[in-house]
file structure_26.pdb (PDB, C-alpha atoms and all ligand atoms)
ATOM      1  CA  MET Z  13      10.292  -2.192 -23.505  1.00  0.00           C
ATOM      2  CA  GLU Z  14       9.069  -0.511 -20.370  1.00  0.00           C
ATOM      3  CA  ILE Z  15       7.902  -3.820 -18.925  1.00  0.00           C
ATOM      4  CA  GLN Z  16      11.439  -5.194 -19.301  1.00  0.00           C
ATOM      5  CA  VAL Z  17      12.868  -2.255 -17.344  1.00  0.00           C
ATOM      6  CA  VAL Z  18      10.413  -2.824 -14.517  1.00  0.00           C
ATOM      7  CA  GLU Z  19      11.231  -6.540 -14.476  1.00  0.00           C
ATOM      8  CA  LYS Z  20      14.952  -5.771 -14.233  1.00  0.00           C
ATOM      9  CA  ILE Z  21      14.371  -3.392 -11.325  1.00  0.00           C
ATOM     10  CA  LEU Z  22      12.312  -6.019  -9.507  1.00  0.00           C
ATOM     11  CA  GLN Z  23      14.900  -8.754 -10.188  1.00  0.00           C
ATOM     12  CA  ALA Z  24      17.685  -6.568  -8.773  1.00  0.00           C
ATOM     13  CA  ASN Z  25      15.474  -5.823  -5.786  1.00  0.00           C
ATOM     14  CA  ASP Z  26      14.792  -9.513  -5.170  1.00  0.00           C
ATOM     15  CA  LEU Z  27      18.522 -10.261  -5.053  1.00  0.00           C
ATOM     16  CA  LEU Z  28      19.034  -7.571  -2.412  1.00  0.00           C
ATOM     17  CA  ALA Z  29      15.964  -8.783  -0.522  1.00  0.00           C
ATOM     18  CA  GLY Z  30      17.602 -12.207  -0.351  1.00  0.00           C
ATOM     19  CA  GLU Z  31      20.722 -10.627   1.144  1.00  0.00           C
ATOM     20  CA  VAL Z  32      18.648  -8.732   3.733  1.00  0.00           C
ATOM     21  CA  ARG Z  33      16.840 -11.949   4.632  1.00  0.00           C
ATOM     22  CA  GLU Z  34      20.171 -13.734   5.066  1.00  0.00           C
ATOM     23  CA  ILE Z  35      21.604 -11.024   7.341  1.00  0.00           C
ATOM     24  CA  LEU Z  36      18.454 -10.923   9.481  1.00  0.00           C
ATOM     25  CA  GLY Z  37      18.241 -14.715   9.610  1.00  0.00           C
ATOM     26  CA  ALA Z  38      21.884 -15.041  10.660  1.00  0.00           C
ATOM     27  CA  ASN Z  39      21.191 -12.625  13.518  1.00  0.00           C
ATOM     28  CA  GLY Z  40      17.955 -14.320  14.586  1.00  0.00           C
ATOM     29  CA  VAL Z  41      15.876 -11.243  13.766  1.00  0.00           C
ATOM     30  CA  ALA Z  42      12.214 -11.493  12.705  1.00  0.00           C
ATOM     31  CA  SER Z  43      11.081  -8.550  10.588  1.00  0.00           C
ATOM     32  CA  PHE Z  44       7.673  -7.115   9.780  1.00  0.00           C
ATOM     33  CA  ASN Z  45       7.031  -4.884   6.772  1.00  0.00           C
ATOM     34  CA  ILE Z  46       4.345  -2.488   8.042  1.00  0.00           C
ATOM     35  CA  MET Z  47       2.316  -1.133   5.128  1.00  0.00           C
ATOM     36  CA  GLY Z  48      -0.798   1.016   4.799  1.00  0.00           C
ATOM     37  CA  THR Z  49      -2.115   4.400   3.715  1.00  0.00           C
ATOM     38  CA  PRO Z  50      -0.802   7.660   5.191  1.00  0.00           C
ATOM     39  CA  GLY Z  51      -2.697   8.240   8.428  1.00  0.00           C
ATOM     40  CA  SER Z  52      -3.817   4.628   8.885  1.00  0.00           C
ATOM     41  CA  GLY Z  53      -1.793   4.464  12.121  1.00  0.00           C
ATOM     42  CA  LYS Z  54       1.381   2.589  11.186  1.00  0.00           C
ATOM     43  CA  THR Z  55       3.523   4.564  13.636  1.00  0.00           C
ATOM     44  CA  SER Z  56       0.886   4.261  16.372  1.00  0.00           C
ATOM     45  CA  ILE Z  57       0.707   0.481  15.911  1.00  0.00           C
ATOM     46  CA  ILE Z  58       4.508   0.330  16.178  1.00  0.00           C
ATOM     47  CA  GLU Z  59       4.367   2.327  19.439  1.00  0.00           C
ATOM     48  CA  GLN Z  60       1.640   0.085  20.863  1.00  0.00           C
ATOM     49  CA  THR Z  61       3.443  -3.099  19.812  1.00  0.00           C
ATOM     50  CA  PHE Z  62       6.678  -1.890  21.382  1.00  0.00           C
ATOM     51  CA  SER Z  63       5.012  -0.917  24.651  1.00  0.00           C
ATOM     52  CA  ARG Z  64       3.443  -4.395  24.941  1.00  0.00           C
ATOM     53  CA  LEU Z  65       6.551  -6.410  24.015  1.00  0.00           C
ATOM     54  CA  ARG Z  66       9.488  -4.316  25.206  1.00  0.00           C
ATOM     55  CA  ASP Z  67      10.033  -6.356  28.376  1.00  0.00           C
ATOM     56  CA  GLU Z  68      10.129  -9.643  26.452  1.00  0.00           C
ATOM     57  CA  PHE Z  69      11.908  -8.805  23.206  1.00  0.00           C
ATOM     58  CA  GLY Z  70      14.459  -6.439  21.716  1.00  0.00           C
ATOM     59  CA  VAL Z  71      12.540  -4.253  19.241  1.00  0.00           C
ATOM     60  CA  ALA Z  72      14.011  -1.910  16.616  1.00  0.00           C
ATOM     61  CA  VAL Z  73      12.479   0.161  13.835  1.00  0.00           C
ATOM     62  CA  ILE Z  74      13.442   1.198  10.331  1.00  0.00           C
ATOM     63  CA  GLU Z  75      11.360   4.215   9.522  1.00  0.00           C
ATOM     64  CA  GLY Z  76      10.693   4.821   5.823  1.00  0.00           C
ATOM     65  CA  ASP Z  77       9.555   8.292   4.903  1.00  0.00           C
ATOM     66  CA  ILE Z  78       9.600  10.328   1.704  1.00  0.00           C
ATOM     67  CA  ALA Z  79      11.146  13.438   3.213  1.00  0.00           C
ATOM     68  CA  THR Z  80      10.878  13.881   6.987  1.00  0.00           C
ATOM     69  CA  SER Z  81      12.114  12.253  10.189  1.00  0.00           C
ATOM     70  CA  LEU Z  82       9.037  13.161  12.253  1.00  0.00           C
ATOM     71  CA  ASP Z  83       7.965   9.560  12.928  1.00  0.00           C
ATOM     72  CA  ALA Z  84      11.536   8.454  13.695  1.00  0.00           C
ATOM     73  CA  GLU Z  85      11.896  11.263  16.251  1.00  0.00           C
ATOM     74  CA  ARG Z  86       8.546  10.320  17.786  1.00  0.00           C
ATOM     75  CA  LEU Z  87       9.659   6.675  18.138  1.00  0.00           C
ATOM     76  CA  SER Z  88      13.170   7.363  19.385  1.00  0.00           C
ATOM     77  CA  ARG Z  89      11.676   9.340  22.287  1.00  0.00           C
ATOM     78  CA  LEU Z  90      10.247   6.001  23.488  1.00  0.00           C
ATOM     79  CA  GLY Z  91      13.754   4.597  23.766  1.00  0.00           C
ATOM     80  CA  LEU Z  92      13.593   2.458  20.633  1.00  0.00           C
ATOM     81  CA  GLN Z  93      16.538   1.843  18.308  1.00  0.00           C
ATOM     82  CA  VAL Z  94      15.366   3.707  15.174  1.00  0.00           C
ATOM     83  CA  VAL Z  95      17.001   4.213  11.792  1.00  0.00           C
ATOM     84  CA  GLN Z  96      15.493   6.760   9.458  1.00  0.00           C
ATOM     85  CA  VAL Z  97      15.449   6.059   5.715  1.00  0.00           C
ATOM     86  CA  ASN Z  98      14.414   8.927   3.483  1.00  0.00           C
ATOM     87  CA  THR Z  99      13.434   7.586   0.097  1.00  0.00           C
ATOM     88  CA  GLY Z 100      14.133  10.892  -1.654  1.00  0.00           C
ATOM     89  CA  GLY Z 101      10.686  11.069  -3.209  1.00  0.00           C
ATOM     90  CA  GLU Z 102      10.200   7.338  -3.884  1.00  0.00           C
ATOM     91  CA  CYS Z 103       6.773   6.151  -2.783  1.00  0.00           C
ATOM     92  CA  HIS Z 104       7.958   2.799  -1.358  1.00  0.00           C
ATOM     93  CA  LEU Z 105      10.924   1.194   0.394  1.00  0.00           C
ATOM     94  CA  ASP Z 106      13.086  -1.174  -1.613  1.00  0.00           C
ATOM     95  CA  ALA Z 107      15.448  -3.879  -0.393  1.00  0.00           C
ATOM     96  CA  GLY Z 108      18.543  -1.775  -1.110  1.00  0.00           C
ATOM     97  CA  MET Z 109      17.331   0.964   1.250  1.00  0.00           C
ATOM     98  CA  VAL Z 110      16.733  -1.584   4.004  1.00  0.00           C
ATOM     99  CA  LYS Z 111      20.129  -3.214   3.438  1.00  0.00           C
ATOM    100  CA  THR Z 112      21.834   0.186   3.765  1.00  0.00           C
ATOM    101  CA  ALA Z 113      20.020   0.808   7.056  1.00  0.00           C
ATOM    102  CA  LEU Z 114      20.944  -2.517   8.705  1.00  0.00           C
ATOM    103  CA  PRO Z 115      24.568  -1.674   9.690  1.00  0.00           C
ATOM    104  CA  LYS Z 116      23.212   1.298  11.663  1.00  0.00           C
ATOM    105  CA  LEU Z 117      21.372  -1.092  14.011  1.00  0.00           C
ATOM    106  CA  ASP Z 118      22.847  -3.272  16.737  1.00  0.00           C
ATOM    107  CA  LEU Z 119      21.202  -6.475  15.478  1.00  0.00           C
ATOM    108  CA  SER Z 120      22.675  -8.470  18.341  1.00  0.00           C
ATOM    109  CA  ALA Z 121      20.118  -6.715  20.569  1.00  0.00           C
ATOM    110  CA  VAL Z 122      17.166  -7.100  18.187  1.00  0.00           C
ATOM    111  CA  ASP Z 123      14.555  -9.877  18.106  1.00  0.00           C
ATOM    112  CA  LEU Z 124      11.901  -7.989  16.151  1.00  0.00           C
ATOM    113  CA  LEU Z 125      12.566  -5.401  13.475  1.00  0.00           C
ATOM    114  CA  LEU Z 126       9.526  -3.326  12.513  1.00  0.00           C
ATOM    115  CA  ILE Z 127       9.958  -1.639   9.134  1.00  0.00           C
ATOM    116  CA  GLU Z 128       7.490   1.194   8.544  1.00  0.00           C
ATOM    117  CA  ASN Z 129       6.996   1.492   4.803  1.00  0.00           C
ATOM    118  CA  VAL Z 130       6.006   4.685   3.013  1.00  0.00           C
ATOM    119  CA  GLY Z 131       2.253   5.353   3.299  1.00  0.00           C
ATOM    120  CA  ASN Z 132       0.909   3.901   0.050  1.00  0.00           C
ATOM    121  CA  LEU Z 133      -1.365   0.968  -0.871  1.00  0.00           C
ATOM    122  CA  VAL Z 134       0.109   0.319  -4.307  1.00  0.00           C
ATOM    123  CA  CYS Z 135       3.801  -0.263  -5.013  1.00  0.00           C
ATOM    124  CA  PRO Z 136       5.082  -1.317  -1.552  1.00  0.00           C
ATOM    125  CA  ALA Z 137       3.284  -4.590  -2.344  1.00  0.00           C
ATOM    126  CA  GLU Z 138       5.585  -5.234  -5.294  1.00  0.00           C
ATOM    127  CA  PHE Z 139       8.877  -4.731  -3.467  1.00  0.00           C
ATOM    128  CA  ASP Z 140      10.131  -7.581  -1.306  1.00  0.00           C
ATOM    129  CA  ILE Z 141      12.321  -5.905   1.323  1.00  0.00           C
ATOM    130  CA  GLY Z 142      13.549  -9.120   2.931  1.00  0.00           C
ATOM    131  CA  GLU Z 143      10.876  -9.141   5.625  1.00  0.00           C
ATOM    132  CA  SER Z 144       9.558 -12.257   7.360  1.00  0.00           C
ATOM    133  CA  LYS Z 145       5.942 -10.999   7.457  1.00  0.00           C
ATOM    134  CA  LYS Z 146       3.919  -8.389   5.608  1.00  0.00           C
ATOM    135  CA  ILE Z 147       1.475  -6.528   7.861  1.00  0.00           C
ATOM    136  CA  LEU Z 148      -1.247  -4.361   6.406  1.00  0.00           C
ATOM    137  CA  ILE Z 149      -2.727  -1.549   8.478  1.00  0.00           C
ATOM    138  CA  THR Z 150      -6.033  -0.125   7.323  1.00  0.00           C
ATOM    139  CA  SER Z 151      -8.409   2.122   9.270  1.00  0.00           C
ATOM    140  CA  THR Z 152     -12.127   2.758   9.403  1.00  0.00           C
ATOM    141  CA  PRO Z 153     -12.070   6.374   8.072  1.00  0.00           C
ATOM    142  CA  GLU Z 154     -10.577   5.007   4.814  1.00  0.00           C
ATOM    143  CA  GLY Z 155     -13.827   3.150   4.129  1.00  0.00           C
ATOM    144  CA  ASP Z 156     -14.552  -0.562   3.828  1.00  0.00           C
ATOM    145  CA  ASP Z 157     -13.749  -0.824   0.099  1.00  0.00           C
ATOM    146  CA  LYS Z 158      -9.944  -0.531   0.273  1.00  0.00           C
ATOM    147  CA  CYS Z 159      -9.303  -4.234   0.014  1.00  0.00           C
ATOM    148  CA  GLN Z 160     -11.449  -4.475  -3.100  1.00  0.00           C
ATOM    149  CA  LYS Z 161      -9.689  -1.478  -4.639  1.00  0.00           C
ATOM    150  CA  TYR Z 162      -6.102  -2.497  -3.766  1.00  0.00           C
ATOM    151  CA  PRO Z 163      -6.332  -6.291  -3.818  1.00  0.00           C
ATOM    152  CA  LEU Z 164      -2.647  -7.131  -4.338  1.00  0.00           C
ATOM    153  CA  MET Z 165      -1.494  -5.657  -1.062  1.00  0.00           C
ATOM    154  CA  PHE Z 166      -4.330  -7.219   0.915  1.00  0.00           C
ATOM    155  CA  ARG Z 167      -3.777 -10.589  -0.762  1.00  0.00           C
ATOM    156  CA  LEU Z 168      -0.080 -10.668   0.165  1.00  0.00           C
ATOM    157  CA  ALA Z 169      -0.585  -9.658   3.798  1.00  0.00           C
ATOM    158  CA  ASP Z 170       0.258 -12.181   6.528  1.00  0.00           C
ATOM    159  CA  ALA Z 171      -1.990 -10.237   8.910  1.00  0.00           C
ATOM    160  CA  VAL Z 172      -4.385  -7.303   8.582  1.00  0.00           C
ATOM    161  CA  VAL Z 173      -4.938  -4.717  11.295  1.00  0.00           C
ATOM    162  CA  VAL Z 174      -8.134  -2.654  11.074  1.00  0.00           C
ATOM    163  CA  ASN Z 175      -7.321   0.403  13.164  1.00  0.00           C
ATOM    164  CA  LYS Z 176      -9.529   3.181  14.588  1.00  0.00           C
ATOM    165  CA  VAL Z 177     -12.513   0.910  15.305  1.00  0.00           C
ATOM    166  CA  ASP Z 178     -13.560   3.480  17.918  1.00  0.00           C
ATOM    167  CA  LEU Z 179     -14.456   5.810  15.012  1.00  0.00           C
ATOM    168  CA  MET Z 180     -16.768   3.297  13.335  1.00  0.00           C
ATOM    169  CA  PRO Z 181     -20.019   4.986  14.461  1.00  0.00           C
ATOM    170  CA  TYR Z 182     -18.901   8.269  12.880  1.00  0.00           C
ATOM    171  CA  VAL Z 183     -17.522   7.207   9.498  1.00  0.00           C
ATOM    172  CA  GLU Z 184     -18.755   5.367   6.406  1.00  0.00           C
ATOM    173  CA  PHE Z 185     -17.441   1.931   7.221  1.00  0.00           C
ATOM    174  CA  ASN Z 186     -19.401  -1.273   6.787  1.00  0.00           C
ATOM    175  CA  ARG Z 187     -17.651  -3.779   9.035  1.00  0.00           C
ATOM    176  CA  THR Z 188     -19.396  -6.830   7.530  1.00  0.00           C
ATOM    177  CA  ASN Z 189     -18.447  -5.788   4.011  1.00  0.00           C
ATOM    178  CA  CYS Z 190     -14.831  -5.214   5.037  1.00  0.00           C
ATOM    179  CA  LEU Z 191     -14.477  -8.576   6.809  1.00  0.00           C
ATOM    180  CA  LEU Z 192     -16.251 -10.433   4.014  1.00  0.00           C
ATOM    181  CA  SER Z 193     -14.061  -9.027   1.264  1.00  0.00           C
ATOM    182  CA  LEU Z 194     -10.951  -9.686   3.356  1.00  0.00           C
ATOM    183  CA  SER Z 195     -11.894 -13.302   3.895  1.00  0.00           C
ATOM    184  CA  ASN Z 196     -12.659 -13.758   0.191  1.00  0.00           C
ATOM    185  CA  LEU Z 197      -9.354 -12.247  -0.886  1.00  0.00           C
ATOM    186  CA  ASN Z 198      -7.056 -13.635   1.788  1.00  0.00           C
ATOM    187  CA  PRO Z 199      -8.723 -16.258   3.985  1.00  0.00           C
ATOM    188  CA  GLN Z 200      -5.474 -17.214   5.773  1.00  0.00           C
ATOM    189  CA  ALA Z 201      -4.612 -13.782   7.161  1.00  0.00           C
ATOM    190  CA  PRO Z 202      -5.817 -13.101  10.701  1.00  0.00           C
ATOM    191  CA  VAL Z 203      -7.651  -9.782  11.115  1.00  0.00           C
ATOM    192  CA  PHE Z 204      -7.189  -7.650  14.226  1.00  0.00           C
ATOM    193  CA  GLU Z 205      -9.750  -4.935  14.918  1.00  0.00           C
ATOM    194  CA  VAL Z 206      -8.004  -2.386  17.114  1.00  0.00           C
ATOM    195  CA  SER Z 207      -7.971   1.170  18.389  1.00  0.00           C
ATOM    196  CA  CYS Z 208      -4.756   2.887  19.429  1.00  0.00           C
ATOM    197  CA  THR Z 209      -6.927   5.466  21.216  1.00  0.00           C
ATOM    198  CA  THR Z 210      -8.927   3.089  23.451  1.00  0.00           C
ATOM    199  CA  GLY Z 211      -6.503   0.148  23.414  1.00  0.00           C
ATOM    200  CA  GLU Z 212      -9.185  -2.234  22.117  1.00  0.00           C
ATOM    201  CA  GLY Z 213      -7.816  -5.320  20.350  1.00  0.00           C
ATOM    202  CA  LEU Z 214      -4.162  -4.454  20.860  1.00  0.00           C
ATOM    203  CA  ASP Z 215      -3.449  -7.219  23.380  1.00  0.00           C
ATOM    204  CA  GLU Z 216      -4.773  -9.770  20.857  1.00  0.00           C
ATOM    205  CA  TRP Z 217      -2.544  -8.226  18.176  1.00  0.00           C
ATOM    206  CA  ALA Z 218       0.492  -8.288  20.474  1.00  0.00           C
ATOM    207  CA  GLY Z 219      -0.338 -11.893  21.333  1.00  0.00           C
ATOM    208  CA  TRP Z 220      -0.173 -12.838  17.660  1.00  0.00           C
ATOM    209  CA  VAL Z 221       3.173 -11.044  17.278  1.00  0.00           C
ATOM    210  CA  ARG Z 222       4.433 -12.972  20.310  1.00  0.00           C
ATOM    211  CA  THR Z 223       3.496 -16.312  18.722  1.00  0.00           C
ATOM    212  CA  GLN Z 224       5.337 -15.310  15.526  1.00  0.00           C
ATOM    213  CA  LEU Z 225       8.451 -14.689  17.598  1.00  0.00           C
ATOM    214  CA  GLY Z 226       8.185 -18.118  19.165  1.00  0.00           C
ATOM    215  CA  LYS Z 227      10.514 -19.104  21.951  1.00  0.00           C
ATOM    216  CA  ARG Z 228      13.146 -16.448  21.399  1.00  0.00           C
ATOM    217  CA  LYS Z 229      14.952 -15.204  24.483  1.00  0.00           C
ATOM    218  CA  ARG Z 230      15.298 -11.468  24.805  1.00  0.00           C
ATOM    219  CA  LYS Z 231      18.752 -10.640  23.475  1.00  0.00           C
ATOM    220  CA  SER Z 232      19.545  -7.421  25.298  1.00  0.00           C
TER     221      SER Z 232
HETATM  222 MG    MG B   1       4.047   6.955  10.228  1.00  0.00          MG
HETATM  223 ZN    ZN B   2       6.441   3.418  -5.128  1.00  0.00          ZN
END
call {"tool": "encode", "arguments": {"input": "structure_26.pdb", "output": "structure tokens", "more": "lines below"}}
Ligand code: MG
Ligand code: ZN
result
Amino acid sequence: MEIQVVEKILQANDLLAGEVREILGANGVASFNIMGTPGSGKTSIIEQTFSRLRDEFGVAVIEGDIATSLDAERLSRLGLQVVQVNTGGECHLDAGMVKTALPKLDLSAVDLLLIENVGNLVCPAEFDIGESKKILITSTPEGDDKCQKYPLMFRLADAVVVNKVDLMPYVEFNRTNCLLSLSNLNPQAPVFEVSCTTGEGLDEWAGWVRTQLGKRKRKS
């Protein structure tokens, strides 16, 4: 009984995700679903990505948050187009929430839409939100076992960012173990080891984003 309800919810979500994908496709917008635990650095990665690509591409953000608009305020101070989505207690974004947010953006000026999901390593993996790529942010203070403990999300990721590598000497994080379990679980996904504090690895990450965007011309 309960399984049927969940299946219905996911089917309804997939229909809406298809509509989101159509709208974004028609407007030539690539979209990244940015997922990871609270505190892994999702907002910081968005800031760093924007600062490296802002002269080449139009970038906008949909900011998913359970209750606050703190991250959206932080990003809009950088001059980004930001739409806040409060999930009202839900621990993930769904396609309907993203679809509702789209009319609030000027998509004609957007090449890359970064969608910050709610900090959570479990159910965001199950909800297609119409994105073109799923990006997983993890960080060294979380430990090196996260991909073994939450395999679905790591398996579905198109790229994995390991943030806070500058803290590696101070926390329990076995780099070899992390990279080995990532390559066992998801050998296709590139892994970027970065620090938003020192800047390490972020140019390589931005370079990968650039190749995903291909030969787009900046719209705005
Ligand atoms: Mg955030
Ligand atoms: Zn959830």
call {"tool": "resolve_selection", "arguments": {"input": "structure_26.pdb", "expression": "the PyMOL selection byres (((chain Z and resi 159) around 10) and not hetatm)", "output": "compact mmCIF listing (two decimals) with C-alpha atoms, in the frame of the given file"}}
result
# COMPACT_ATOMS: atom_id res chain seq x y z
CA LEU Z 133 -1.36 0.97 -0.87
CA THR Z 150 -6.03 -0.12 7.32
CA GLY Z 155 -13.83 3.15 4.13
CA ASP Z 156 -14.55 -0.56 3.83
CA ASP Z 157 -13.75 -0.82 0.10
CA LYS Z 158 -9.94 -0.53 0.27
CA GLN Z 160 -11.45 -4.47 -3.10
CA LYS Z 161 -9.69 -1.48 -4.64
CA TYR Z 162 -6.10 -2.50 -3.77
CA PRO Z 163 -6.33 -6.29 -3.82
CA LEU Z 164 -2.65 -7.13 -4.34
CA MET Z 165 -1.49 -5.66 -1.06
CA PHE Z 166 -4.33 -7.22 0.92
CA ARG Z 167 -3.78 -10.59 -0.76
CA CYS Z 190 -14.83 -5.21 5.04
CA LEU Z 191 -14.48 -8.58 6.81
CA SER Z 193 -14.06 -9.03 1.26
CA LEU Z 194 -10.95 -9.69 3.36
CA LEU Z 197 -9.35 -12.25 -0.89
CA ASN Z 198 -7.06 -13.64 1.79
call {"tool": "resolve_selection", "arguments": {"input": "structure_26.pdb", "expression": "the PyMOL selection byres (((not hetatm)) within 7 of (chain B and resi 1))", "output": "number ranges by chain"}}
result
Z: 53-55, 83, 128
call {"tool": "resolve_selection", "arguments": {"input": "structure_26.pdb", "expression": "the PyMOL selection byres (((chain Z and resi 216) around 12) and not hetatm)", "output": "PDB file with C-alpha atoms, in the coordinates of the input"}}
result
ATOM      1  CA  GLN Z  60       1.640   0.085  20.863  1.00  0.00           C
ATOM      2  CA  THR Z  61       3.443  -3.099  19.812  1.00  0.00           C
ATOM      3  CA  ARG Z  64       3.443  -4.395  24.941  1.00  0.00           C
ATOM      4  CA  VAL Z 173      -4.938  -4.717  11.295  1.00  0.00           C
ATOM      5  CA  PRO Z 202      -5.817 -13.101  10.701  1.00  0.00           C
ATOM      6  CA  VAL Z 203      -7.651  -9.782  11.115  1.00  0.00           C
ATOM      7  CA  PHE Z 204      -7.189  -7.650  14.226  1.00  0.00           C
ATOM      8  CA  GLU Z 205      -9.750  -4.935  14.918  1.00  0.00           C
ATOM      9  CA  VAL Z 206      -8.004  -2.386  17.114  1.00  0.00           C
ATOM     10  CA  SER Z 207      -7.971   1.170  18.389  1.00  0.00           C
ATOM     11  CA  GLY Z 211      -6.503   0.148  23.414  1.00  0.00           C
ATOM     12  CA  GLU Z 212      -9.185  -2.234  22.117  1.00  0.00           C
ATOM     13  CA  GLY Z 213      -7.816  -5.320  20.350  1.00  0.00           C
ATOM     14  CA  LEU Z 214      -4.162  -4.454  20.860  1.00  0.00           C
ATOM     15  CA  ASP Z 215      -3.449  -7.219  23.380  1.00  0.00           C
ATOM     16  CA  TRP Z 217      -2.544  -8.226  18.176  1.00  0.00           C
ATOM     17  CA  ALA Z 218       0.492  -8.288  20.474  1.00  0.00           C
ATOM     18  CA  GLY Z 219      -0.338 -11.893  21.333  1.00  0.00           C
ATOM     19  CA  TRP Z 220      -0.173 -12.838  17.660  1.00  0.00           C
ATOM     20  CA  VAL Z 221       3.173 -11.044  17.278  1.00  0.00           C
ATOM     21  CA  ARG Z 222       4.433 -12.972  20.310  1.00  0.00           C
ATOM     22  CA  THR Z 223       3.496 -16.312  18.722  1.00  0.00           C
TER      23      THR Z 223
END
call {"tool": "residues_near_ligand", "arguments": {"input": "structure_26.pdb", "ligand": "ligand ZN 2 (chain B)", "cutoff": "12 Å", "atoms": "all atoms listed in the file", "output": "list of chain:residue names"}}
result
Z:Val18, Z:Leu22, Z:Met47, Z:Gly76, Z:Asp77, Z:Ile78, Z:Thr99, Z:Gly100, Z:Gly101, Z:Glu102, Z:Cys103, Z:His104, Z:Leu105, Z:Asp106, Z:Asn129, Z:Val130, Z:Gly131, Z:Asn132, Z:Leu133, Z:Val134, Z:Cys135, Z:Pro136, Z:Ala137, Z:Glu138, Z:Phe139
call {"tool": "residues_around", "arguments": {"input": "structure_26.pdb", "residues": "Arg230 of chain Z", "least_positions_apart": "3", "cutoff": "9 Å", "atoms": "only C-alpha atoms", "output": "PyMOL selection string"}}
result
chain Z and resi 67-70+121-123
call {"tool": "residues_around", "arguments": {"input": "structure_26.pdb", "residues": "Leu27 of chain Z", "least_positions_apart": "3", "cutoff": "10 Å", "atoms": "all atoms listed in the file", "output": "PyMOL selection string"}}
result
chain Z and resi 22-24+30-33+107-108+140-142
call {"tool": "atom_distance", "arguments": {"input": "structure_26.pdb", "atom1": "atom CA of Thr210 of chain Z", "atom2": "atom CA of Arg187 of chain Z"}}
result
18.2 Å
call {"tool": "atom_distance", "arguments": {"input": "structure_26.pdb", "atom1": "atom CA of Asn175 of chain Z", "atom2": "atom CA of Pro50 of chain Z"}}
result
12.6 Å
call {"tool": "atom_distance", "arguments": {"input": "structure_26.pdb", "atom1": "atom CA of Glu75 of chain Z", "atom2": "atom CA of Leu119 of chain Z"}}
result
15.7 Å
call {"tool": "axis_aligned_box", "arguments": {"input": "structure_26.pdb", "around": "segment 102-119 of chain Z", "padding_each_side": "8 Å", "output": "lines of an AutoDock Vina configuration file"}}
result
center_x = 15.7
center_y = 0.4
center_z = 6.4
size_x = 33.8
size_y = 29.8
size_z = 36.6
call {"tool": "closest_residue", "arguments": {"input": "structure_26.pdb", "among": "Z:Ala169, Z:Pro199, Z:Thr152, Z:Leu114", "to": "Glu184 of chain Z", "atoms": "only C-alpha atoms"}}
result
Z:Thr152
call {"tool": "closest_residue", "arguments": {"input": "structure_26.pdb", "among": "Z:Leu28, Z:Leu65, Z:Ile57, Z:Ala113", "to": "Leu87 of chain Z", "atoms": "only C-alpha atoms"}}
result
Z:Ile57
call {"tool": "closest_residue", "arguments": {"input": "structure_26.pdb", "among": "Z:Gly48, Z:Gln224, Z:Ile127, Z:Gln200", "to": "Glu154 of chain Z", "atoms": "all atoms listed in the file"}}
result
Z:Gly48
call {"tool": "build_atoms", "arguments": {"input": "structure_26.pdb", "residues": "segment 78-89 of chain Z", "atoms": "N, CA and C atoms", "output": "mmCIF file, keeping the file's coordinate frame"}}
result
data_model
loop_
_atom_site.group_PDB
_atom_site.id
_atom_site.type_symbol
_atom_site.label_atom_id
_atom_site.label_comp_id
_atom_site.auth_asym_id
_atom_site.auth_seq_id
_atom_site.Cartn_x
_atom_site.Cartn_y
_atom_site.Cartn_z
ATOM 1 N N ILE Z 78 9.178 9.663 2.940
ATOM 2 C CA ILE Z 78 9.600 10.328 1.704
ATOM 3 C C ILE Z 78 10.590 11.450 2.008
ATOM 4 N N ALA Z 79 10.312 12.257 3.022
ATOM 5 C CA ALA Z 79 11.146 13.438 3.213
ATOM 6 C C ALA Z 79 11.476 13.805 4.658
ATOM 7 N N THR Z 80 10.667 13.362 5.631
ATOM 8 C CA THR Z 80 10.878 13.881 6.987
ATOM 9 C C THR Z 80 11.400 12.793 7.930
ATOM 10 N N SER Z 81 11.747 13.224 9.156
ATOM 11 C CA SER Z 81 12.114 12.253 10.189
ATOM 12 C C SER Z 81 11.178 12.388 11.389
ATOM 13 N N LEU Z 82 9.967 12.908 11.143
ATOM 14 C CA LEU Z 82 9.037 13.161 12.253
ATOM 15 C C LEU Z 82 8.677 11.886 13.010
ATOM 16 N N ASP Z 83 8.361 10.808 12.268
ATOM 17 C CA ASP Z 83 7.965 9.560 12.928
ATOM 18 C C ASP Z 83 9.151 8.930 13.660
ATOM 19 N N ALA Z 84 10.338 9.026 13.052
ATOM 20 C CA ALA Z 84 11.536 8.454 13.695
ATOM 21 C C ALA Z 84 11.820 9.177 15.008
ATOM 22 N N GLU Z 85 11.664 10.488 15.019
ATOM 23 C CA GLU Z 85 11.896 11.263 16.251
ATOM 24 C C GLU Z 85 10.880 10.860 17.324
ATOM 25 N N ARG Z 86 9.618 10.718 16.865
ATOM 26 C CA ARG Z 86 8.546 10.320 17.786
ATOM 27 C C ARG Z 86 8.867 8.966 18.420
ATOM 28 N N LEU Z 87 9.369 8.018 17.620
ATOM 29 C CA LEU Z 87 9.659 6.675 18.138
ATOM 30 C C LEU Z 87 10.917 6.656 18.996
ATOM 31 N N SER Z 88 11.931 7.436 18.613
ATOM 32 C CA SER Z 88 13.170 7.363 19.385
ATOM 33 C C SER Z 88 12.974 7.953 20.774
ATOM 34 N N ARG Z 89 11.991 8.822 20.945
ATOM 35 C CA ARG Z 89 11.676 9.340 22.287
ATOM 36 C C ARG Z 89 11.191 8.239 23.221
#
